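Quick look at target19.txt (compact mmCIF, C-alpha atoms and all ligand atoms):
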# COMPACT_ATOMS: atom_id res chain seq x y z
CA MET B 1 117.47 87.88 110.59
CA SER B 2 117.48 90.08 113.67
CA ALA B 3 115.21 93.09 113.90
CA PHE B 4 118.25 95.28 114.39
CA ASP B 5 120.22 93.98 111.47
CA PRO B 6 121.05 97.10 109.44
CA ASN B 7 120.68 95.14 106.22
CA ILE B 8 116.93 94.97 106.55
CA MET B 9 116.82 98.71 106.50
CA GLY B 10 117.75 98.53 102.87
CA ILE B 11 114.04 99.27 102.50
CA ASP B 12 115.19 102.78 101.86
CA ASP B 13 117.61 103.59 99.10
CA THR B 14 119.91 105.47 101.44
CA PHE B 15 120.93 102.29 103.19
CA THR B 16 121.91 100.37 100.15
CA SER B 17 124.20 103.24 99.15
CA SER B 18 126.32 102.59 102.20
CA ASN B 19 127.89 99.45 100.86
CA SER B 20 131.09 99.33 98.93
CA SER B 21 129.77 98.57 95.48
CA SER B 22 127.57 101.60 95.65
CA SER B 23 130.34 103.97 96.64
CA THR B 24 132.50 102.60 93.87
CA SER B 25 129.79 103.34 91.38
CA THR B 26 129.40 106.87 92.67
CA SER B 27 133.06 107.63 92.23
CA SER B 28 133.09 106.11 88.78
CA ALA B 29 130.09 108.25 87.89
CA SER B 30 131.88 111.35 89.18
CA SER B 31 134.98 110.63 87.19
CA ARG B 32 132.95 110.21 84.01
CA ASN B 33 130.76 113.22 84.47
CA PRO B 34 132.53 116.45 85.45
CA ASN B 35 129.20 117.99 86.48
CA TYR B 36 128.72 115.41 89.18
CA THR B 37 128.94 117.25 92.44
CA THR B 38 131.76 116.24 94.73
CA ASN B 39 130.05 117.27 97.97
CA ARG B 40 129.68 114.09 100.00
CA HIS B 41 126.07 114.66 101.03
CA SER B 42 124.84 115.54 97.56
CA THR B 43 126.78 112.63 96.10
CA THR B 44 124.93 110.38 98.54
CA ALA B 45 121.64 111.93 97.44
CA LEU B 46 122.48 111.36 93.77
CA THR B 47 123.46 107.76 94.42
CA SER B 48 120.22 107.23 96.29
CA SER B 49 118.28 108.05 93.13
CA LEU B 50 119.96 105.07 91.45
CA ASP B 51 119.06 102.88 94.40
CA ALA B 52 115.45 104.05 94.14
CA TYR B 53 115.48 103.30 90.42
CA ARG B 54 116.83 99.82 91.03
CA SER B 55 114.37 99.06 93.80
CA LYS B 56 111.41 100.33 91.80
CA SER B 57 112.59 98.21 88.88
CA SER B 58 112.63 95.15 91.13
CA LEU B 59 108.88 95.66 91.74
CA GLN B 60 108.34 94.88 88.07
CA THR B 61 110.49 91.79 88.25
CA TYR B 62 108.45 90.45 91.16
CA ASN B 63 105.10 91.31 89.55
CA TYR B 64 103.85 93.90 91.99
CA PRO B 65 100.61 95.35 90.61
CA LEU B 66 102.04 98.57 89.18
CA HIS B 67 101.86 99.55 85.56
CA ASP B 68 105.22 101.10 84.70
CA PRO B 69 106.47 100.55 81.17
CA TYR B 70 108.77 103.59 81.48
CA LEU B 71 111.50 102.40 83.83
CA PRO B 72 113.49 100.77 80.99
CA LEU B 73 113.94 104.23 79.45
CA PHE B 74 116.48 105.00 82.15
CA ARG B 75 118.25 101.67 82.18
CA THR B 76 121.29 102.88 80.27
CA PRO B 77 122.39 105.74 82.53
CA CYS B 78 121.45 103.80 85.66
CA SER B 79 123.29 100.62 84.75
CA SER B 80 126.28 102.55 83.40
CA THR B 81 127.02 103.59 86.97
CA GLY B 82 127.84 100.00 87.78
CA LEU B 83 124.80 99.40 89.96
CA THR B 84 122.87 96.26 89.25
CA ASP B 85 119.40 95.13 90.25
CA THR B 86 120.49 92.42 92.59
CA ARG B 87 121.01 94.11 95.94
CA SER B 88 117.40 95.18 96.28
CA SER B 89 116.10 91.65 95.87
CA ASN B 90 114.69 91.49 99.33
CA PRO B 91 110.96 91.06 100.00
CA LEU B 92 111.01 93.59 102.87
CA THR B 93 112.48 96.21 100.59
CA ARG B 94 110.13 95.44 97.75
CA ARG B 95 107.00 95.59 99.85
CA GLY B 96 108.21 98.85 101.42
CA TYR B 97 108.91 100.37 98.02
CA TYR B 98 105.55 99.23 96.73
CA VAL B 99 103.71 100.91 99.60
CA ARG B 100 105.80 104.06 99.12
CA GLN B 101 105.09 104.22 95.41
CA LYS B 102 101.42 103.42 95.91
CA CYS B 103 100.98 106.21 98.48
CA VAL B 104 102.55 108.76 96.16
CA ASP B 105 100.49 107.53 93.19
CA ILE B 106 97.23 107.65 95.17
CA THR B 107 97.99 111.19 96.38
CA VAL B 108 98.79 112.50 92.90
CA ASP B 109 95.85 110.69 91.34
CA LYS B 110 93.51 112.26 93.92
CA PHE B 111 95.00 115.71 93.35
CA ILE B 112 94.48 115.51 89.59
CA LYS B 113 90.99 114.01 89.88
CA GLY B 114 90.16 116.84 92.30
CA GLY B 115 90.95 119.35 89.56
CA GLY B 116 94.64 119.98 90.33
CA THR B 117 96.67 120.85 87.25
CA GLN B 118 100.11 121.90 88.49
CA ILE B 119 102.59 119.46 90.03
CA VAL B 120 106.22 119.88 91.04
CA GLU B 121 108.38 116.89 91.86
CA LEU B 122 111.29 118.11 93.98
CA GLY B 123 114.29 115.78 93.83
CA SER B 124 112.58 113.77 91.10
CA GLY B 125 115.54 111.49 90.41
CA TRP B 126 114.68 108.75 87.91
CA SER B 127 111.01 108.82 88.85
CA THR B 128 108.52 107.81 86.15
CA LEU B 129 105.58 109.39 87.96
CA TYR B 130 104.99 112.07 85.34
CA LEU B 131 105.03 109.56 82.48
CA ARG B 132 102.58 107.26 84.26
CA MET B 133 100.22 110.10 85.15
CA PHE B 134 100.47 111.50 81.62
CA GLU B 135 99.39 108.11 80.32
CA SER B 136 96.34 108.13 82.62
CA PHE B 137 95.27 111.76 82.32
CA GLU B 138 96.87 112.91 79.06
CA ASP B 139 98.00 116.50 78.79
CA ASP B 140 95.80 117.96 81.49
CA PHE B 141 98.48 119.32 83.75
CA THR B 142 101.76 121.15 84.01
CA TRP B 143 104.54 119.18 85.63
CA VAL B 144 108.01 120.30 86.74
CA GLU B 145 110.80 117.95 87.74
CA VAL B 146 113.60 119.45 89.82
CA ASP B 147 116.94 117.84 90.57
CA TYR B 148 120.67 118.42 90.24
CA PRO B 149 121.81 119.36 86.71
CA SER B 150 123.95 116.24 86.18
CA LEU B 151 121.02 113.93 86.84
CA LEU B 152 118.46 115.87 84.83
CA ASP B 153 120.83 116.20 81.85
CA SER B 154 121.03 112.40 81.62
CA LYS B 155 117.30 112.01 82.20
CA ILE B 156 116.42 114.54 79.50
CA GLU B 157 118.67 112.69 77.07
CA CYS B 158 116.72 109.46 77.74
CA LEU B 159 113.38 111.22 77.47
CA SER B 160 114.29 112.81 74.15
CA GLN B 161 113.53 109.39 72.62
CA VAL B 162 109.87 109.70 73.67
CA LYS B 163 109.15 113.35 72.99
CA ASP B 164 105.46 112.78 72.38
CA LEU B 165 105.09 111.71 76.00
CA THR B 166 106.71 114.76 77.45
CA GLY B 167 104.50 117.62 76.22
CA SER B 168 103.76 119.30 79.54
CA LEU B 169 106.92 118.28 81.35
CA LYS B 170 109.41 120.96 82.37
CA PHE B 171 112.74 120.62 84.12
CA LEU B 172 114.49 122.83 86.59
CA LYS B 173 118.12 121.90 87.10
CA ARG B 174 118.71 123.39 90.50
CA ASP B 175 119.66 122.69 94.07
CA ILE B 176 116.30 123.00 95.82
CA THR B 177 118.00 124.60 98.81
CA GLY B 178 119.52 127.36 96.69
CA ASP B 179 118.56 131.01 97.34
CA ALA B 180 116.99 131.71 93.97
CA PHE B 181 115.23 128.36 93.64
CA VAL B 182 111.65 129.49 94.28
CA ASP B 183 112.12 132.58 92.07
CA ASP B 184 113.35 130.35 89.26
CA LEU B 185 110.41 128.00 89.76
CA LYS B 186 107.99 130.91 89.52
CA LYS B 187 109.37 131.67 86.06
CA LEU B 188 108.22 128.23 84.92
CA ILE B 189 104.79 127.93 86.52
CA ASP B 190 101.98 130.13 87.74
CA PRO B 191 102.13 130.64 91.54
CA SER B 192 98.46 131.60 91.66
CA VAL B 193 97.46 128.10 90.51
CA ARG B 194 96.81 125.34 93.04
CA THR B 195 100.06 123.32 93.11
CA LEU B 196 101.11 119.97 94.55
CA PHE B 197 104.77 119.64 95.61
CA ILE B 198 106.05 116.08 95.98
CA LEU B 199 109.16 115.28 97.99
CA GLU B 200 109.59 111.52 97.84
CA ALA B 201 112.67 110.52 99.85
CA VAL B 202 114.29 113.94 99.40
CA GLY B 203 113.91 115.86 102.66
CA MET B 204 116.25 113.49 104.48
CA TYR B 205 119.11 114.65 102.24
CA ILE B 206 118.86 118.28 103.20
CA PRO B 207 119.31 119.94 106.58
CA SER B 208 116.03 120.42 108.39
CA SER B 209 116.44 124.21 108.49
CA SER B 210 116.91 124.34 104.68
CA PHE B 211 113.89 122.07 104.25
CA SER B 212 111.86 124.38 106.46
CA ASP B 213 113.07 127.49 104.56
CA LEU B 214 112.14 125.78 101.31
CA LEU B 215 108.61 124.94 102.48
CA ARG B 216 108.13 128.41 103.94
CA ASN B 217 109.21 130.01 100.66
CA LEU B 218 106.87 127.74 98.71
CA THR B 219 103.90 128.34 100.99
CA GLY B 220 104.66 132.08 100.94
CA GLU B 221 104.73 132.32 97.16
CA PHE B 222 102.14 129.69 96.22
CA LYS B 223 98.85 130.68 97.80
CA LYS B 224 97.26 127.30 97.13
CA CYS B 225 100.14 125.06 97.99
CA GLU B 226 99.88 121.34 98.80
CA VAL B 227 102.82 119.23 99.89
CA ALA B 228 103.28 115.45 100.02
CA VAL B 229 106.38 114.14 101.75
CA TYR B 230 107.70 110.60 102.07
CA ASP B 231 110.53 110.63 104.60
CA VAL B 232 111.99 109.13 107.73
CA VAL B 233 110.67 109.39 111.27
CA LEU B 234 113.48 107.96 113.32
CA GLN B 235 111.57 106.95 116.42
CA GLY B 236 112.70 104.65 119.19
CA ARG B 237 115.74 102.45 119.42
CA PHE B 238 115.32 101.15 115.93
CA GLY B 239 115.11 104.70 114.57
CA LEU B 240 118.29 105.63 116.42
CA MET B 241 120.12 102.78 114.79
CA MET B 242 118.75 103.73 111.39
CA LYS B 243 120.03 107.24 111.94
CA GLU B 244 123.53 105.98 112.72
CA ASN B 245 123.51 103.93 109.53
CA LEU B 246 122.20 106.77 107.41
CA VAL B 247 124.87 109.12 108.71
CA LYS B 248 127.54 106.50 108.02
CA ALA B 249 126.13 106.23 104.51
CA GLY B 250 126.76 109.95 104.00
CA VAL B 251 123.33 111.42 104.74
CA HIS B 252 123.49 114.83 106.42
CA PRO B 253 122.61 114.30 110.13
CA LEU B 254 120.68 117.57 110.15
CA GLY B 255 118.19 116.05 107.72
CA LEU B 256 117.43 113.28 110.17
CA SER B 257 116.24 115.22 113.16
CA LYS B 258 112.58 114.19 113.36
CA THR B 259 112.01 111.38 115.81
CA SER B 260 108.21 111.44 116.11
CA LEU B 261 105.11 112.12 114.07
CA ASN B 262 104.50 115.04 116.37
CA ALA B 263 107.80 116.57 115.24
CA TRP B 264 106.59 116.28 111.64
CA SER B 265 103.27 117.95 112.51
CA GLU B 266 105.10 120.80 114.19
CA PHE B 267 107.52 121.07 111.28
CA PHE B 268 104.63 121.33 108.80
CA SER B 269 102.82 123.81 110.99
CA ALA B 270 105.95 125.99 111.32
CA SER B 271 106.26 125.87 107.50
CA ASN B 272 102.75 127.35 107.18
CA LEU B 273 101.22 124.02 106.21
CA LYS B 274 98.44 124.38 108.72
CA LYS B 275 96.20 121.62 107.45
CA SER B 276 98.35 118.57 107.73
CA GLU B 277 98.06 114.84 108.09
CA VAL B 278 101.07 112.82 109.16
CA MET B 279 101.29 109.05 109.49
CA THR B 280 103.87 106.30 109.56
CA MET B 281 104.13 104.19 106.44
CA LEU B 282 102.65 101.35 108.47
CA GLN B 283 99.58 103.47 109.15
CA ALA B 284 99.46 104.52 105.50
CA TYR B 285 99.54 100.86 104.50
CA LYS B 286 96.94 99.85 107.07
CA GLY B 287 94.24 102.17 105.77
CA GLY B 288 95.65 105.69 106.16
CA ILE B 289 96.23 105.85 102.42
CA MET B 290 95.94 102.37 100.93
CA SER B 291 92.56 100.69 100.83
CA ARG B 292 91.93 97.18 102.12
CA GLU B 293 91.71 95.95 98.56
CA GLU B 294 95.06 97.53 97.64
CA ARG B 295 96.62 96.06 100.75
CA MET B 296 95.35 92.59 99.91
CA LYS B 297 96.72 92.87 96.39
CA CYS B 298 100.10 93.87 97.80
CA ASP B 299 100.15 91.08 100.38
CA GLY B 300 99.29 88.53 97.73
CA VAL B 301 102.35 89.20 95.60
CA GLU B 302 104.90 87.44 97.75
CA PHE B 303 105.04 85.81 101.14
CA LEU B 304 106.67 87.86 103.89
CA ASP B 305 108.34 85.90 106.62
CA GLU B 306 109.55 88.75 108.78
CA VAL B 307 106.33 90.70 109.26
CA GLU B 308 107.43 92.11 112.62
CA GLU B 309 110.69 93.44 111.21
CA TRP B 310 108.87 94.92 108.25
CA GLU B 311 106.43 96.71 110.54
CA MET B 312 109.29 98.12 112.63
CA ILE B 313 110.86 99.51 109.49
CA MET B 314 107.58 100.90 108.23
CA ASN B 315 107.16 102.69 111.56
CA CYS B 316 110.38 104.58 110.87
CA TYR B 317 109.13 106.02 107.58
CA CYS B 318 106.30 108.46 107.19
CA PHE B 319 103.95 110.02 104.73
CA CYS B 320 102.98 113.61 105.45
CA THR B 321 100.62 115.82 103.52
CA GLY B 322 99.68 119.40 104.17
CA ARG B 323 98.31 122.55 102.59
CA ASN B 324 98.41 126.24 103.30
CA TYR B 325 94.82 127.10 102.42
CA ASP B 326 91.28 126.24 103.46
CA CYS B 327 89.22 124.14 101.09
CA ASP B 328 86.15 125.95 99.68
C1 LIG U 1 116.27 109.03 97.11
S1 LIG U 1 116.29 109.91 95.63
C2 LIG U 1 114.55 109.93 95.32
C3 LIG U 1 114.24 110.18 93.88
C4 LIG U 1 112.73 110.17 93.57
N1 LIG U 1 112.03 111.17 94.34
C5 LIG U 1 112.18 108.79 93.84
O1 LIG U 1 111.57 108.60 94.90
O2 LIG U 1 112.38 107.92 93.01
C6 LIG U 1 116.59 111.59 96.20
C7 LIG U 1 116.65 112.59 95.06
O3 LIG U 1 116.68 113.91 95.59
C8 LIG U 1 117.64 114.66 94.88
N2 LIG U 1 118.10 115.74 95.75
C9 LIG U 1 118.54 115.61 97.05
N3 LIG U 1 118.91 116.82 97.52
C10 LIG U 1 118.69 117.72 96.52
C11 LIG U 1 118.88 119.13 96.41
N4 LIG U 1 119.37 119.85 97.42
N5 LIG U 1 118.55 119.72 95.24
C12 LIG U 1 118.06 119.00 94.20
N6 LIG U 1 117.85 117.65 94.26
C13 LIG U 1 118.16 117.03 95.40
C14 LIG U 1 118.73 113.65 94.55
O4 LIG U 1 119.56 114.06 93.48
C15 LIG U 1 117.90 112.43 94.21
O5 LIG U 1 117.55 112.38 92.86
Go ahead and render the structure in this file as structure tokens.
Amino acid sequence: MSAFDPNIMGIDDTFTSSNSSSSTSTSSASSRNPNYTTNRHSTTALTSSLDAYRSKSSLQTYNYPLHDPYLPLFRTPCSSTGLTDTRSSNPLTRRGYYVRQKCVDITVDKFIKGGGTQIVELGSGWSTLYLRMFESFEDDFTWVEVDYPSLLDSKIECLSQVKDLTGSLKFLKRDITGDAFVDDLKKLIDPSVRTLFILEAVGMYIPSSSFSDLLRNLTGEFKKCEVAVYDVVLQGRFGLMMKENLVKAGVHPLGLSKTSLNAWSEFFSASNLKKSEVMTMLQAYKGGIMSREERMKCDGVEFLDEVEEWEMIMNCYCFCTGRNYDCD
């Protein structure tokens, strides 16, 4: 496999949505559900949530050390779209997804253990993060999931079977780039409380200026605001090729403008997230976020032949955290 083979970039959900079976499933989903948005970019974003679901499910199949008994809850709506588990069966993708999930888990775990009680998952998709954290910490926090109405309606239907697990979970069915979004969010949670906002593979689906407006509104209204972003950093020749593929797959080119970690630092700083830490996913894996022990556990799951290719891919994804306040 060549390093520039676009197939290896299936490490991110957006790539897998570019192939024909995925687009078929999107259109069949739209024809079944009249609420499904017909805008090409948001349709791509919605499809990507199914790809993420499938890839995260494949981590279970391959025995990655993650405890997630909740994914099967969403099997029905996800498989009814026509997507199957098979396309993500690629060790590069799985290891990438594992590192991504681990970094988000570690960040949230640290936030809660540090006394944080309010968490908002923007573009939550079929994520099981809340359910897993609820299992670990019980009802010690308020959690809001935000996504398009069509997706959250289906998710809520699935979750209604496990009501006892969803005590402190709230939903906001909104476009996160909409004008009234932050006002609506403030009706659900207390803006004076320290809050963590998670954007896992979401920012790339919205134009950079809307992303920046969103972060500026959040940091303006939430005085103790923390943000954790998993996204793309399309650096170098490989990044350029990834960008072309993402655009072909229907991702808005204006969401793919950052080509260096420096650009991410500046973006965070301009969004009033003065205290920030940005790193590639390779750096996150090599000690930035994951410990040596966690890395060894990950490496032991399955043999990776194409380490160089994997590292190139991991260099084109990043994990950025920031906050708008000084720690006491
Ligand atoms: C790649 S999926 C990631 C889902 C989840 N964060 C995860 O990592 O499993 C991107 C998600 O962002 C949502 N999304 C993208 N743009 C959005 C917008 N403008 N408003 C609300 N949700 C959005 C999509 O519907 C989708 O669920």
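Here CA of Cys298 in chain B stands at a distance of 28.4 Å from CA of Ser265 in chain B.
The residue set within 8 Å of Val146 in chain B, counting all atoms listed in the file and dropping same-chain residues fewer than 6 places from it, reads Val120, Glu121, Leu122, Gly123, Ser124, Leu152, Phe171, Leu172, Lys173, Arg174 and Ile176 of chain B.
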Keeping C-alpha atoms, export the residues of the selection given above as a PDB file, in the frame of the given file.
ATOM      1  CA  VAL B 120     106.220 119.880  91.040  1.00  0.00           C
ATOM      2  CA  GLU B 121     108.380 116.890  91.860  1.00  0.00           C
ATOM      3  CA  LEU B 122     111.290 118.110  93.980  1.00  0.00           C
ATOM      4  CA  GLY B 123     114.290 115.780  93.830  1.00  0.00           C
ATOM      5  CA  SER B 124     112.580 113.770  91.100  1.00  0.00           C
ATOM      6  CA  LEU B 152     118.460 115.870  84.830  1.00  0.00           C
ATOM      7  CA  PHE B 171     112.740 120.620  84.120  1.00  0.00           C
ATOM      8  CA  LEU B 172     114.490 122.830  86.590  1.00  0.00           C
ATOM      9  CA  LYS B 173     118.120 121.900  87.100  1.00  0.00           C
ATOM     10  CA  ARG B 174     118.710 123.390  90.500  1.00  0.00           C
ATOM     11  CA  ILE B 176     116.300 123.000  95.820  1.00  0.00           C
TER      12      ILE B 176
END
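Among the candidates B:Met279, B:Cys320, B:Val232, B:Val202, the residue lying nearest to ligand LIG 1 (chain U) is B:Val202 (atoms considered: all atoms listed in the file).
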Quick one, how far is CA of Asp179 in chain B from CA of Tyr325 in chain B? 24.6 Å
Residues at most 9 Å from ligand LIG 1 (chain U), using all atoms listed in the file? Could they come as a PyMOL selection string? chain B and resi 12-14+41-53+56+100-101+121-129+146-152+173-178+198-206+210+230
Measuring atom to atom with all atoms listed in the file, identify which of B:Leu169, B:Cys158, B:Val301, B:Leu92 is nearest to Tyr130 in chain B. B:Leu169
Where does range 261-288 of chain B meet range 219-225 of chain B within 8 Å, residue by residue, with the nearest atom pair and distance in Å to one decimal for each, counting all atoms listed in the file, listed by chain and rising number, as a tab-separated table?
residue	atom	partner	partner_atom	distance
B:Ser271	CA	B:Thr219	CA	7.4
B:Asn272	CA	B:Thr219	CA	6.4
B:Leu273	CA	B:Thr219	CA	7.3
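Reported to one decimal place, the separation of CA of Val99 in chain B from CA of Met281 in chain B is 7.6 Å.
Among B:Leu282, B:Val144, B:Leu218, B:Ile119, the residue with the shortest atom-to-atom distance to Arg295 in chain B, counting only C-alpha atoms, is B:Leu282.
Residue nearest Leu131 in chain B within the list B:Cys318, B:Ile106, B:Leu71, B:Cys78: B:Leu71 [criterion: smallest interatomic distance, all atoms listed in the file].
Shortest separation to Arg94 in chain B among B:Thr195, B:Ser208, B:Thr107, B:Ser57 occurs at residue B:Ser57, atoms counted being all atoms listed in the file.
With only C-alpha atoms as the atoms that count, the residue of B:Gln161, B:Ser209, B:Gln60, B:Ser154 with the shortest distance to Lys258 in chain B is B:Ser209.
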